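Written below as C-alpha coordinates is the structure these notes are about.
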Amino acid sequence: MLSRIKIADILVDSIPFIQEFRDSVIVIKYGGAAQQNLELKEKFACDIILLYMLGIKPIIVHGGGPKITQMLETLKIDNKFIDGIRVTSKEAMKVVEMVLSGDINRELTFFFNHHGVKAVGISGKDSMLLEAKPKDFEVFGYTGEIQKVNINILQKLLDDGFVPIIAPIASGDNIKHPGFNINADSVACEISKAIKANKVIFLTDTQGVLDSSGKLISTITPNDARIYKNDGTITGGMIPKIDASLSCVENGVKKVHIIDGRIPHSILLELFTTNGIGTQIILE
(Lines give C-alpha, C1' and ligand atoms only; values in the text may rest on other atoms or scores of the structure.)
Protein backbone atom coordinates (compact mmCIF):
# COMPACT_ATOMS: atom_id res chain seq x y z
CA MET A 1 0.00 0.00 0.00
CA LEU A 2 2.86 2.41 0.84
CA SER A 3 4.37 1.91 -2.61
CA ARG A 4 1.03 2.70 -4.25
CA ILE A 5 0.72 5.88 -2.18
CA LYS A 6 4.26 6.83 -3.25
CA ILE A 7 3.32 6.34 -6.91
CA ALA A 8 0.24 8.53 -6.39
CA ASP A 9 2.40 11.22 -4.78
CA ILE A 10 4.76 11.16 -7.78
CA LEU A 11 1.83 11.51 -10.18
CA VAL A 12 0.43 14.47 -8.24
CA ASP A 13 3.90 16.06 -8.14
CA SER A 14 4.07 15.82 -11.95
CA ILE A 15 0.81 17.70 -12.64
CA PRO A 16 2.20 21.27 -12.78
CA PHE A 17 5.07 20.14 -15.02
CA ILE A 18 2.69 18.37 -17.41
CA GLN A 19 0.57 21.53 -17.58
CA GLU A 20 3.64 23.68 -18.22
CA PHE A 21 5.12 21.57 -21.01
CA ARG A 22 1.93 20.62 -22.88
CA ASP A 23 2.02 21.70 -26.56
CA SER A 24 5.71 22.66 -26.27
CA VAL A 25 8.63 21.34 -28.33
CA ILE A 26 11.43 19.54 -26.50
CA VAL A 27 14.65 18.66 -28.34
CA ILE A 28 16.47 15.59 -27.04
CA LYS A 29 20.11 14.76 -27.84
CA TYR A 30 20.11 10.96 -27.69
CA GLY A 31 23.42 9.17 -27.25
CA GLY A 32 25.68 7.16 -24.99
CA ALA A 33 24.46 4.09 -23.12
CA ALA A 34 20.81 5.09 -23.61
CA GLN A 35 21.33 4.61 -27.36
CA GLN A 36 23.33 1.38 -27.14
CA ASN A 37 21.77 -0.63 -24.30
CA LEU A 38 18.63 -2.49 -25.42
CA GLU A 39 16.81 -2.19 -22.08
CA LEU A 40 17.52 1.55 -21.87
CA LYS A 41 16.45 1.99 -25.51
CA GLU A 42 13.11 0.36 -24.76
CA LYS A 43 12.55 2.54 -21.70
CA PHE A 44 13.53 5.63 -23.71
CA ALA A 45 10.96 4.66 -26.36
CA CYS A 46 8.32 4.38 -23.62
CA ASP A 47 9.30 7.83 -22.34
CA ILE A 48 8.88 9.32 -25.81
CA ILE A 49 5.45 7.69 -26.17
CA LEU A 50 4.39 9.18 -22.84
CA LEU A 51 5.63 12.65 -23.81
CA TYR A 52 3.69 12.39 -27.04
CA MET A 53 0.52 11.26 -25.25
CA LEU A 54 0.84 14.21 -22.84
CA GLY A 55 0.79 16.63 -25.76
CA ILE A 56 4.53 17.33 -25.80
CA LYS A 57 6.31 17.40 -29.17
CA PRO A 58 9.73 15.69 -28.99
CA ILE A 59 12.48 16.04 -31.60
CA ILE A 60 15.34 13.52 -31.30
CA VAL A 61 18.88 14.24 -32.49
CA HIS A 62 21.10 11.17 -32.25
CA GLY A 63 24.83 10.72 -32.09
CA GLY A 64 26.91 7.74 -33.12
CA GLY A 65 30.50 8.42 -32.11
CA PRO A 66 31.47 4.90 -30.94
CA LYS A 67 30.19 3.24 -34.13
CA ILE A 68 31.93 5.84 -36.30
CA THR A 69 35.18 5.32 -34.42
CA GLN A 70 34.88 1.55 -34.73
CA MET A 71 34.29 1.75 -38.48
CA LEU A 72 37.12 4.22 -39.05
CA GLU A 73 39.51 1.98 -37.15
CA THR A 74 38.33 -1.07 -39.09
CA LEU A 75 38.97 0.75 -42.37
CA LYS A 76 42.28 2.16 -41.05
CA ILE A 77 41.16 5.77 -41.55
CA ASP A 78 42.66 8.40 -39.25
CA ASN A 79 40.49 9.05 -36.17
CA LYS A 80 41.29 12.17 -34.15
CA PHE A 81 39.54 14.54 -31.71
CA ILE A 82 40.37 18.09 -30.60
CA ASP A 83 38.53 19.42 -27.51
CA GLY A 84 35.87 16.74 -27.91
CA ILE A 85 35.24 17.55 -31.60
CA ARG A 86 36.00 14.95 -34.29
CA VAL A 87 38.38 15.89 -37.09
CA THR A 88 36.74 14.74 -40.35
CA SER A 89 38.76 14.11 -43.51
CA LYS A 90 36.98 13.70 -46.86
CA GLU A 91 37.54 9.96 -46.61
CA ALA A 92 36.18 9.89 -43.07
CA MET A 93 33.15 11.98 -44.08
CA LYS A 94 31.87 9.14 -46.27
CA VAL A 95 32.10 6.77 -43.32
CA VAL A 96 30.44 9.26 -40.95
CA GLU A 97 27.44 9.67 -43.24
CA MET A 98 27.20 5.95 -43.91
CA VAL A 99 27.13 5.15 -40.18
CA LEU A 100 24.88 8.00 -39.04
CA SER A 101 22.35 8.17 -41.86
CA GLY A 102 22.53 4.69 -43.34
CA ASP A 103 22.92 2.62 -40.20
CA ILE A 104 22.04 4.29 -36.89
CA ASN A 105 19.21 6.53 -38.11
CA ARG A 106 17.46 3.68 -39.93
CA GLU A 107 17.89 1.34 -36.97
CA LEU A 108 16.54 3.86 -34.45
CA THR A 109 13.59 4.84 -36.64
CA PHE A 110 12.54 1.21 -37.04
CA PHE A 111 13.09 0.51 -33.34
CA PHE A 112 10.93 3.44 -32.19
CA ASN A 113 8.17 2.68 -34.68
CA HIS A 114 8.21 -0.94 -33.53
CA HIS A 115 7.66 0.27 -29.95
CA GLY A 116 4.78 2.55 -30.85
CA VAL A 117 6.51 5.87 -31.55
CA LYS A 118 5.29 7.48 -34.79
CA ALA A 119 8.84 8.25 -35.91
CA VAL A 120 10.39 9.50 -39.16
CA GLY A 121 14.16 9.37 -39.67
CA ILE A 122 15.83 12.17 -41.61
CA SER A 123 19.29 13.58 -42.22
CA GLY A 124 20.23 17.23 -42.01
CA LYS A 125 20.59 17.03 -45.80
CA ASP A 126 16.90 16.20 -46.25
CA SER A 127 14.92 19.22 -47.42
CA MET A 128 18.10 21.22 -46.73
CA LEU A 129 17.27 21.06 -43.03
CA LEU A 130 20.84 21.94 -42.01
CA GLU A 131 23.22 24.16 -44.00
CA ALA A 132 26.77 24.50 -42.74
CA LYS A 133 30.24 25.92 -43.27
CA PRO A 134 33.64 24.56 -42.16
CA LYS A 135 34.36 24.95 -38.48
CA ASP A 136 38.03 25.48 -39.37
CA PHE A 137 38.92 23.51 -42.47
CA GLU A 138 42.66 23.52 -41.83
CA VAL A 139 42.14 22.01 -38.38
CA PHE A 140 38.85 20.05 -38.50
CA GLY A 141 38.37 19.29 -42.22
CA TYR A 142 34.75 18.46 -43.04
CA THR A 143 33.55 19.03 -39.49
CA GLY A 144 31.15 21.94 -39.82
CA GLU A 145 29.22 24.65 -38.03
CA ILE A 146 25.57 25.22 -38.82
CA GLN A 147 24.79 28.41 -40.71
CA LYS A 148 21.07 27.91 -41.21
CA VAL A 149 18.27 25.64 -40.01
CA ASN A 150 15.30 25.33 -42.37
CA ILE A 151 12.56 24.19 -39.99
CA ASN A 152 9.75 23.72 -42.53
CA ILE A 153 10.15 19.95 -42.70
CA LEU A 154 10.32 19.67 -38.90
CA GLN A 155 7.25 21.83 -38.42
CA LYS A 156 5.35 19.75 -40.98
CA LEU A 157 6.31 16.50 -39.28
CA LEU A 158 5.34 17.81 -35.82
CA ASP A 159 2.03 19.16 -37.10
CA ASP A 160 1.27 15.76 -38.62
CA GLY A 161 2.00 13.99 -35.34
CA PHE A 162 5.40 12.52 -36.18
CA VAL A 163 8.53 12.40 -34.02
CA PRO A 164 11.55 13.47 -36.14
CA ILE A 165 14.76 11.48 -35.58
CA ILE A 166 17.67 13.46 -37.00
CA ALA A 167 21.15 12.36 -38.12
CA PRO A 168 23.64 15.24 -37.60
CA ILE A 169 24.84 15.64 -41.18
CA ALA A 170 24.60 18.98 -43.03
CA SER A 171 24.65 20.08 -46.66
CA GLY A 172 27.61 21.83 -48.26
CA ASP A 173 27.39 24.69 -50.75
CA ASN A 174 27.36 22.67 -54.01
CA ILE A 175 26.19 19.29 -55.31
CA LYS A 176 29.73 17.84 -55.36
CA HIS A 177 30.37 18.73 -51.73
CA PRO A 178 30.39 15.61 -49.47
CA GLY A 179 28.58 17.47 -46.71
CA PHE A 180 29.58 18.21 -43.15
CA ASN A 181 29.84 16.16 -40.00
CA ILE A 182 28.21 18.23 -37.26
CA ASN A 183 28.52 17.67 -33.53
CA ALA A 184 25.12 16.33 -32.44
CA ASP A 185 25.07 18.58 -29.37
CA SER A 186 25.38 21.61 -31.65
CA VAL A 187 22.65 20.27 -33.94
CA ALA A 188 20.28 19.86 -31.00
CA CYS A 189 21.05 23.41 -29.89
CA GLU A 190 20.65 25.06 -33.30
CA ILE A 191 17.39 23.23 -34.02
CA SER A 192 16.01 24.19 -30.61
CA LYS A 193 16.81 27.85 -31.22
CA ALA A 194 15.31 27.84 -34.71
CA ILE A 195 12.09 26.11 -33.73
CA LYS A 196 11.82 27.97 -30.40
CA ALA A 197 11.88 24.83 -28.26
CA ASN A 198 10.92 25.00 -24.60
CA LYS A 199 13.81 22.76 -23.54
CA VAL A 200 16.84 20.85 -24.72
CA ILE A 201 17.85 17.63 -22.98
CA PHE A 202 21.29 16.03 -23.41
CA LEU A 203 21.46 12.34 -22.47
CA THR A 204 25.01 11.50 -21.36
CA ASP A 205 26.95 8.75 -19.57
CA THR A 206 27.58 10.94 -16.53
CA GLN A 207 25.33 12.28 -13.78
CA GLY A 208 25.55 15.74 -15.31
CA VAL A 209 28.14 18.44 -14.75
CA LEU A 210 30.41 17.53 -11.84
CA ASP A 211 32.52 19.79 -9.65
CA SER A 212 36.22 19.21 -8.92
CA SER A 213 35.35 16.68 -6.20
CA GLY A 214 33.01 14.70 -8.45
CA LYS A 215 29.78 16.03 -6.92
CA LEU A 216 26.81 16.84 -9.16
CA ILE A 217 26.19 20.53 -9.82
CA SER A 218 22.40 20.82 -10.04
CA THR A 219 22.15 24.32 -11.54
CA ILE A 220 24.59 26.31 -13.68
CA THR A 221 24.34 29.83 -15.09
CA PRO A 222 26.34 31.00 -18.13
CA ASN A 223 28.75 32.82 -15.84
CA ASP A 224 29.26 29.68 -13.74
CA ALA A 225 29.88 27.61 -16.89
CA ARG A 226 32.59 29.94 -18.16
CA ILE A 227 34.34 29.85 -14.78
CA TYR A 228 34.22 26.03 -14.73
CA LYS A 229 35.65 25.88 -18.26
CA ASN A 230 38.47 28.26 -17.41
CA ASP A 231 39.48 26.47 -14.20
CA GLY A 232 39.40 23.01 -15.82
CA THR A 233 36.32 21.67 -14.02
CA ILE A 234 34.62 21.23 -17.39
CA THR A 235 36.83 19.42 -19.92
CA GLY A 236 36.79 17.05 -22.91
CA GLY A 237 33.46 15.96 -24.33
CA MET A 238 31.53 18.07 -21.83
CA ILE A 239 32.88 21.26 -23.45
CA PRO A 240 30.74 21.09 -26.63
CA LYS A 241 27.68 20.25 -24.52
CA ILE A 242 28.23 23.30 -22.31
CA ASP A 243 28.96 25.53 -25.30
CA ALA A 244 25.75 24.35 -26.97
CA SER A 245 23.82 24.82 -23.72
CA LEU A 246 25.01 28.40 -23.31
CA SER A 247 24.10 29.22 -26.89
CA CYS A 248 20.61 27.80 -26.29
CA VAL A 249 19.71 29.65 -23.10
CA GLU A 250 21.22 32.90 -24.39
CA ASN A 251 19.06 32.66 -27.52
CA GLY A 252 15.55 32.03 -26.25
CA VAL A 253 15.49 28.41 -25.05
CA LYS A 254 14.12 28.45 -21.50
CA LYS A 255 16.25 25.71 -20.01
CA VAL A 256 18.82 23.05 -20.90
CA HIS A 257 19.24 19.77 -19.03
CA ILE A 258 22.29 17.48 -19.00
CA ILE A 259 21.21 14.16 -17.47
CA ASP A 260 22.40 10.60 -16.97
CA GLY A 261 20.96 8.45 -19.75
CA ARG A 262 22.10 5.30 -17.93
CA ILE A 263 19.24 5.77 -15.47
CA PRO A 264 15.98 4.18 -16.69
CA HIS A 265 13.30 6.79 -17.49
CA SER A 266 15.78 9.60 -16.81
CA ILE A 267 13.82 12.02 -19.02
CA LEU A 268 10.62 11.52 -17.00
CA LEU A 269 12.50 11.90 -13.71
CA GLU A 270 14.11 15.15 -14.88
CA LEU A 271 11.00 16.70 -16.43
CA PHE A 272 8.23 15.60 -14.09
CA THR A 273 9.73 15.54 -10.58
CA THR A 274 10.54 18.53 -8.40
CA ASN A 275 14.16 17.65 -7.71
CA GLY A 276 15.13 16.24 -11.10
CA ILE A 277 18.29 14.14 -11.50
CA GLY A 278 20.86 16.10 -13.52
CA THR A 279 22.26 19.55 -14.21
CA GLN A 280 20.09 22.36 -15.52
CA ILE A 281 21.53 25.36 -17.33
CA ILE A 282 19.53 28.57 -16.97
CA LEU A 283 20.02 32.30 -17.38
CA GLU A 284 21.05 34.18 -14.27
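Labeling convention for the C-alpha coordinates: chains A, B, ... as they appear, residues from 1 per chain, ligands from 1 in order of appearance.
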
Do a neighbour search on stretch 64-80 of chain A at 7 Å with only C-alpha atoms, toss out local chain neighbours closer than 5 positions, and write the hits as a PyMOL selection string.
chain A and resi 31+86-87+92+96+99-100

For this session: as an MDAnalysis selection string, list the residues of stretch 38-263 of chain A assigned to alpha helix (DSSP H) by DSSP on the backbone atoms of this structure.
Result: chainID A and resid 38:53 65:74 90:97 105:114 137:140 152:159 184:195 222:230 238:249

Residue list (strand (DSSP E), DSSP) for stretch 112-228 of chain A, as a ChimeraX atom specification
/A:119-123,130-134,144-149,163-167,169-170,180-181,199-204,219-220

Do you know which residues are at most 7 Å from A:Ala33 counting only C-alpha atoms, after dropping those on the same chain fewer than 3 positions away, and could you put them as a PyMOL selection string?
-> chain A and resi 36-37+205+261-262

Measuring atom to atom with only C-alpha atoms, identify which of A:Ile146, A:Ile259, A:Ala167, A:Val187 is nearest to A:Ile217.
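Ranking A:Ile146, A:Ile259, A:Ala167, A:Val187 by distance to A:Ile217, first place goes to A:Ile259.
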
Subject >> Nearest residue to A:His177 from the set A:Val139, A:Ile28, A:Lys133, A:Asp160 (distances using only C-alpha atoms) >> reply: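 Smallest distance to A:His177 is found for A:Lys133.
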
I'd like the contact shell of A:Ile182 - 6 Å cut-off, only C-alpha atoms, skipping same-chain residues fewer than 5 positions apart - returned as a ChimeraX atom specification. /A:143-144,168-169

- Message: Residues within 9 Å of stretch 246-248 of chain A, please, as a ChimeraX atom specification. Count only C-alpha atoms; anything in the same chain fewer than 6 positions from it doesn't count.
- Response: /A:189-190,192-193,199-200,221-222,225,254-256,281-283

Could you write out that same residue set with N, CA and C atoms as a PDB file, in the first residue's frame?
```pdb
ATOM      1  N   CYS A 189      21.145  22.007 -30.320  1.00  0.00           N
ATOM      2  CA  CYS A 189      21.052  23.405 -29.894  1.00  0.00           C
ATOM      3  C   CYS A 189      20.501  24.291 -31.011  1.00  0.00           C
ATOM      4  N   GLU A 190      21.063  24.179 -32.213  1.00  0.00           N
ATOM      5  CA  GLU A 190      20.649  25.057 -33.304  1.00  0.00           C
ATOM      6  C   GLU A 190      19.200  24.797 -33.719  1.00  0.00           C
ATOM      7  N   SER A 192      16.859  23.678 -31.699  1.00  0.00           N
ATOM      8  CA  SER A 192      16.013  24.187 -30.611  1.00  0.00           C
ATOM      9  C   SER A 192      15.840  25.696 -30.703  1.00  0.00           C
ATOM     10  N   LYS A 193      16.905  26.401 -31.076  1.00  0.00           N
ATOM     11  CA  LYS A 193      16.809  27.855 -31.224  1.00  0.00           C
ATOM     12  C   LYS A 193      15.908  28.225 -32.398  1.00  0.00           C
ATOM     13  N   LYS A 199      12.673  23.353 -24.231  1.00  0.00           N
ATOM     14  CA  LYS A 199      13.809  22.760 -23.537  1.00  0.00           C
ATOM     15  C   LYS A 199      14.688  21.974 -24.494  1.00  0.00           C
ATOM     16  N   VAL A 200      15.938  21.791 -24.081  1.00  0.00           N
ATOM     17  CA  VAL A 200      16.838  20.850 -24.719  1.00  0.00           C
ATOM     18  C   VAL A 200      17.349  19.912 -23.623  1.00  0.00           C
ATOM     19  N   THR A 221      24.632  28.655 -14.271  1.00  0.00           N
ATOM     20  CA  THR A 221      24.337  29.829 -15.088  1.00  0.00           C
ATOM     21  C   THR A 221      25.453  29.981 -16.128  1.00  0.00           C
ATOM     22  N   PRO A 222      25.258  30.785 -17.152  1.00  0.00           N
ATOM     23  CA  PRO A 222      26.336  31.000 -18.131  1.00  0.00           C
ATOM     24  C   PRO A 222      27.639  31.474 -17.491  1.00  0.00           C
ATOM     25  N   ALA A 225      29.329  28.533 -15.881  1.00  0.00           N
ATOM     26  CA  ALA A 225      29.875  27.615 -16.886  1.00  0.00           C
ATOM     27  C   ALA A 225      31.217  28.110 -17.404  1.00  0.00           C
ATOM     28  N   LYS A 254      14.327  28.177 -22.919  1.00  0.00           N
ATOM     29  CA  LYS A 254      14.116  28.454 -21.497  1.00  0.00           C
ATOM     30  C   LYS A 254      15.116  27.741 -20.585  1.00  0.00           C
ATOM     31  N   LYS A 255      15.412  26.486 -20.917  1.00  0.00           N
ATOM     32  CA  LYS A 255      16.254  25.711 -20.005  1.00  0.00           C
ATOM     33  C   LYS A 255      16.897  24.550 -20.753  1.00  0.00           C
ATOM     34  N   VAL A 256      18.119  24.209 -20.349  1.00  0.00           N
ATOM     35  CA  VAL A 256      18.819  23.051 -20.902  1.00  0.00           C
ATOM     36  C   VAL A 256      19.126  22.088 -19.761  1.00  0.00           C
ATOM     37  N   ILE A 281      20.846  24.134 -16.974  1.00  0.00           N
ATOM     38  CA  ILE A 281      21.535  25.364 -17.331  1.00  0.00           C
ATOM     39  C   ILE A 281      20.478  26.422 -17.597  1.00  0.00           C
ATOM     40  N   ILE A 282      20.525  27.520 -16.869  1.00  0.00           N
ATOM     41  CA  ILE A 282      19.526  28.569 -16.969  1.00  0.00           C
ATOM     42  C   ILE A 282      20.219  29.928 -16.997  1.00  0.00           C
ATOM     43  N   LEU A 283      19.495  30.945 -17.453  1.00  0.00           N
ATOM     44  CA  LEU A 283      20.021  32.298 -17.384  1.00  0.00           C
ATOM     45  C   LEU A 283      20.054  32.752 -15.943  1.00  0.00           C
TER      46      LEU A 283
END
```

- request: Would you mind listing what lies within 10 Å of stretch 107-113 of chain A as a PyMOL selection string, with only C-alpha atoms counted and same-chain residues fewer than 2 positions away left out?
  value: chain A and resi 35+41-42+44-46+48-49+62+100-105+115-122+163-166

Selection to disk with N, CA and C atoms, as a PDB file, in the first residue's frame:
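Written file, out-v6.pdb:
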```
ATOM      1  N   GLN A  35      21.493   4.936 -25.948  1.00  0.00           N
ATOM      2  CA  GLN A  35      21.327   4.611 -27.359  1.00  0.00           C
ATOM      3  C   GLN A  35      21.831   3.207 -27.677  1.00  0.00           C
ATOM      4  N   LYS A  41      17.120   1.550 -24.281  1.00  0.00           N
ATOM      5  CA  LYS A  41      16.454   1.989 -25.509  1.00  0.00           C
ATOM      6  C   LYS A  41      14.946   1.791 -25.410  1.00  0.00           C
ATOM      7  N   GLU A  42      14.543   0.651 -24.880  1.00  0.00           N
ATOM      8  CA  GLU A  42      13.114   0.362 -24.759  1.00  0.00           C
ATOM      9  C   GLU A  42      12.442   1.306 -23.775  1.00  0.00           C
ATOM     10  N   PHE A  44      13.528   4.324 -23.054  1.00  0.00           N
ATOM     11  CA  PHE A  44      13.526   5.628 -23.708  1.00  0.00           C
ATOM     12  C   PHE A  44      12.347   5.734 -24.678  1.00  0.00           C
ATOM     13  N   ALA A  45      12.101   4.673 -25.442  1.00  0.00           N
ATOM     14  CA  ALA A  45      10.965   4.662 -26.358  1.00  0.00           C
ATOM     15  C   ALA A  45       9.654   4.858 -25.601  1.00  0.00           C
ATOM     16  N   CYS A  46       9.523   4.211 -24.446  1.00  0.00           N
ATOM     17  CA  CYS A  46       8.316   4.381 -23.620  1.00  0.00           C
ATOM     18  C   CYS A  46       8.191   5.827 -23.139  1.00  0.00           C
ATOM     19  N   ILE A  48       9.284   8.496 -24.678  1.00  0.00           N
ATOM     20  CA  ILE A  48       8.876   9.325 -25.815  1.00  0.00           C
ATOM     21  C   ILE A  48       7.389   9.164 -26.093  1.00  0.00           C
ATOM     22  N   ILE A  49       6.893   7.932 -25.996  1.00  0.00           N
ATOM     23  CA  ILE A  49       5.451   7.694 -26.173  1.00  0.00           C
ATOM     24  C   ILE A  49       4.655   8.482 -25.143  1.00  0.00           C
ATOM     25  N   HIS A  62      20.272  12.262 -32.771  1.00  0.00           N
ATOM     26  CA  HIS A  62      21.098  11.169 -32.250  1.00  0.00           C
ATOM     27  C   HIS A  62      22.564  11.350 -32.617  1.00  0.00           C
ATOM     28  N   LEU A 100      25.952   7.222 -39.665  1.00  0.00           N
ATOM     29  CA  LEU A 100      24.878   8.002 -39.036  1.00  0.00           C
ATOM     30  C   LEU A 100      23.554   7.886 -39.781  1.00  0.00           C
ATOM     31  N   SER A 101      23.596   8.141 -41.087  1.00  0.00           N
ATOM     32  CA  SER A 101      22.347   8.169 -41.859  1.00  0.00           C
ATOM     33  C   SER A 101      21.911   6.785 -42.325  1.00  0.00           C
ATOM     34  N   GLY A 102      22.892   5.973 -42.759  1.00  0.00           N
ATOM     35  CA  GLY A 102      22.531   4.693 -43.344  1.00  0.00           C
ATOM     36  C   GLY A 102      22.367   3.567 -42.358  1.00  0.00           C
ATOM     37  N   ASP A 103      22.959   3.697 -41.195  1.00  0.00           N
ATOM     38  CA  ASP A 103      22.919   2.623 -40.197  1.00  0.00           C
ATOM     39  C   ASP A 103      22.105   3.039 -38.970  1.00  0.00           C
ATOM     40  N   ILE A 104      22.654   3.962 -38.177  1.00  0.00           N
ATOM     41  CA  ILE A 104      22.036   4.292 -36.885  1.00  0.00           C
ATOM     42  C   ILE A 104      20.647   4.909 -37.043  1.00  0.00           C
ATOM     43  N   ASN A 105      20.502   5.863 -37.953  1.00  0.00           N
ATOM     44  CA  ASN A 105      19.210   6.528 -38.105  1.00  0.00           C
ATOM     45  C   ASN A 105      18.118   5.550 -38.521  1.00  0.00           C
ATOM     46  N   HIS A 115       8.123   0.116 -31.326  1.00  0.00           N
ATOM     47  CA  HIS A 115       7.659   0.270 -29.949  1.00  0.00           C
ATOM     48  C   HIS A 115       6.546   1.310 -29.806  1.00  0.00           C
ATOM     49  N   GLY A 116       5.966   1.706 -30.919  1.00  0.00           N
ATOM     50  CA  GLY A 116       4.775   2.546 -30.851  1.00  0.00           C
ATOM     51  C   GLY A 116       4.991   4.032 -31.029  1.00  0.00           C
ATOM     52  N   VAL A 117       6.240   4.457 -31.286  1.00  0.00           N
ATOM     53  CA  VAL A 117       6.505   5.868 -31.551  1.00  0.00           C
ATOM     54  C   VAL A 117       6.302   6.113 -33.044  1.00  0.00           C
ATOM     55  N   LYS A 118       5.532   7.129 -33.376  1.00  0.00           N
ATOM     56  CA  LYS A 118       5.288   7.477 -34.786  1.00  0.00           C
ATOM     57  C   LYS A 118       6.476   8.294 -35.278  1.00  0.00           C
ATOM     58  N   ALA A 119       7.560   7.598 -35.647  1.00  0.00           N
ATOM     59  CA  ALA A 119       8.840   8.253 -35.912  1.00  0.00           C
ATOM     60  C   ALA A 119       9.175   8.290 -37.397  1.00  0.00           C
ATOM     61  N   VAL A 120       9.870   9.359 -37.801  1.00  0.00           N
ATOM     62  CA  VAL A 120      10.390   9.497 -39.155  1.00  0.00           C
ATOM     63  C   VAL A 120      11.863   9.873 -39.065  1.00  0.00           C
ATOM     64  N   GLY A 121      12.736   9.090 -39.694  1.00  0.00           N
ATOM     65  CA  GLY A 121      14.161   9.368 -39.668  1.00  0.00           C
ATOM     66  C   GLY A 121      14.585  10.242 -40.832  1.00  0.00           C
ATOM     67  N   ILE A 122      15.346  11.283 -40.555  1.00  0.00           N
ATOM     68  CA  ILE A 122      15.833  12.171 -41.606  1.00  0.00           C
ATOM     69  C   ILE A 122      17.287  12.552 -41.318  1.00  0.00           C
ATOM     70  N   VAL A 163       7.349  12.080 -34.812  1.00  0.00           N
ATOM     71  CA  VAL A 163       8.530  12.402 -34.019  1.00  0.00           C
ATOM     72  C   VAL A 163       9.733  12.350 -34.956  1.00  0.00           C
ATOM     73  N   PRO A 164      10.368  13.494 -35.268  1.00  0.00           N
ATOM     74  CA  PRO A 164      11.550  13.470 -36.141  1.00  0.00           C
ATOM     75  C   PRO A 164      12.762  12.891 -35.405  1.00  0.00           C
ATOM     76  N   ILE A 165      13.503  12.020 -36.090  1.00  0.00           N
ATOM     77  CA  ILE A 165      14.759  11.481 -35.576  1.00  0.00           C
ATOM     78  C   ILE A 165      15.847  11.906 -36.553  1.00  0.00           C
ATOM     79  N   ILE A 166      16.777  12.736 -36.100  1.00  0.00           N
ATOM     80  CA  ILE A 166      17.668  13.463 -37.002  1.00  0.00           C
ATOM     81  C   ILE A 166      19.108  12.990 -36.889  1.00  0.00           C
TER      82      ILE A 166
END
```

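Using only C-alpha atoms for every distance, the candidate list A:Met53, A:Leu158, A:Ala184, A:Val27 yields A:Ala184 as the residue closest to A:Glu145.
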
Q) So, counting only C-alpha atoms, which residue among A:Asn230, A:Asn150, A:Asn251, A:Ser171 is closest to A:Lys125? A)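 Once distances to A:Lys125 are computed over only C-alpha atoms, the minimum belongs to A:Ser171.
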
As a PyMOL selection string, please: the residues near A:Tyr228 (cut-off 12 Å, only C-alpha atoms, same-chain neighbours under 6 positions excluded). chain A and resi 209-212+217+220-222+234-235+238-239+242-243

Students should find that atom CA of A:Ile60 and atom CA of A:Gly179 are spaced 20.7 Å

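Comparing the minimum interatomic distances between A:Phe162 and each of A:Lys57, A:Lys196, A:Lys148, A:His257, counting only C-alpha atoms, we find that A:Lys57 sits nearest.
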
Atom CA of A:Ala197 to atom CA of A:Val253 measures 6.0 Å
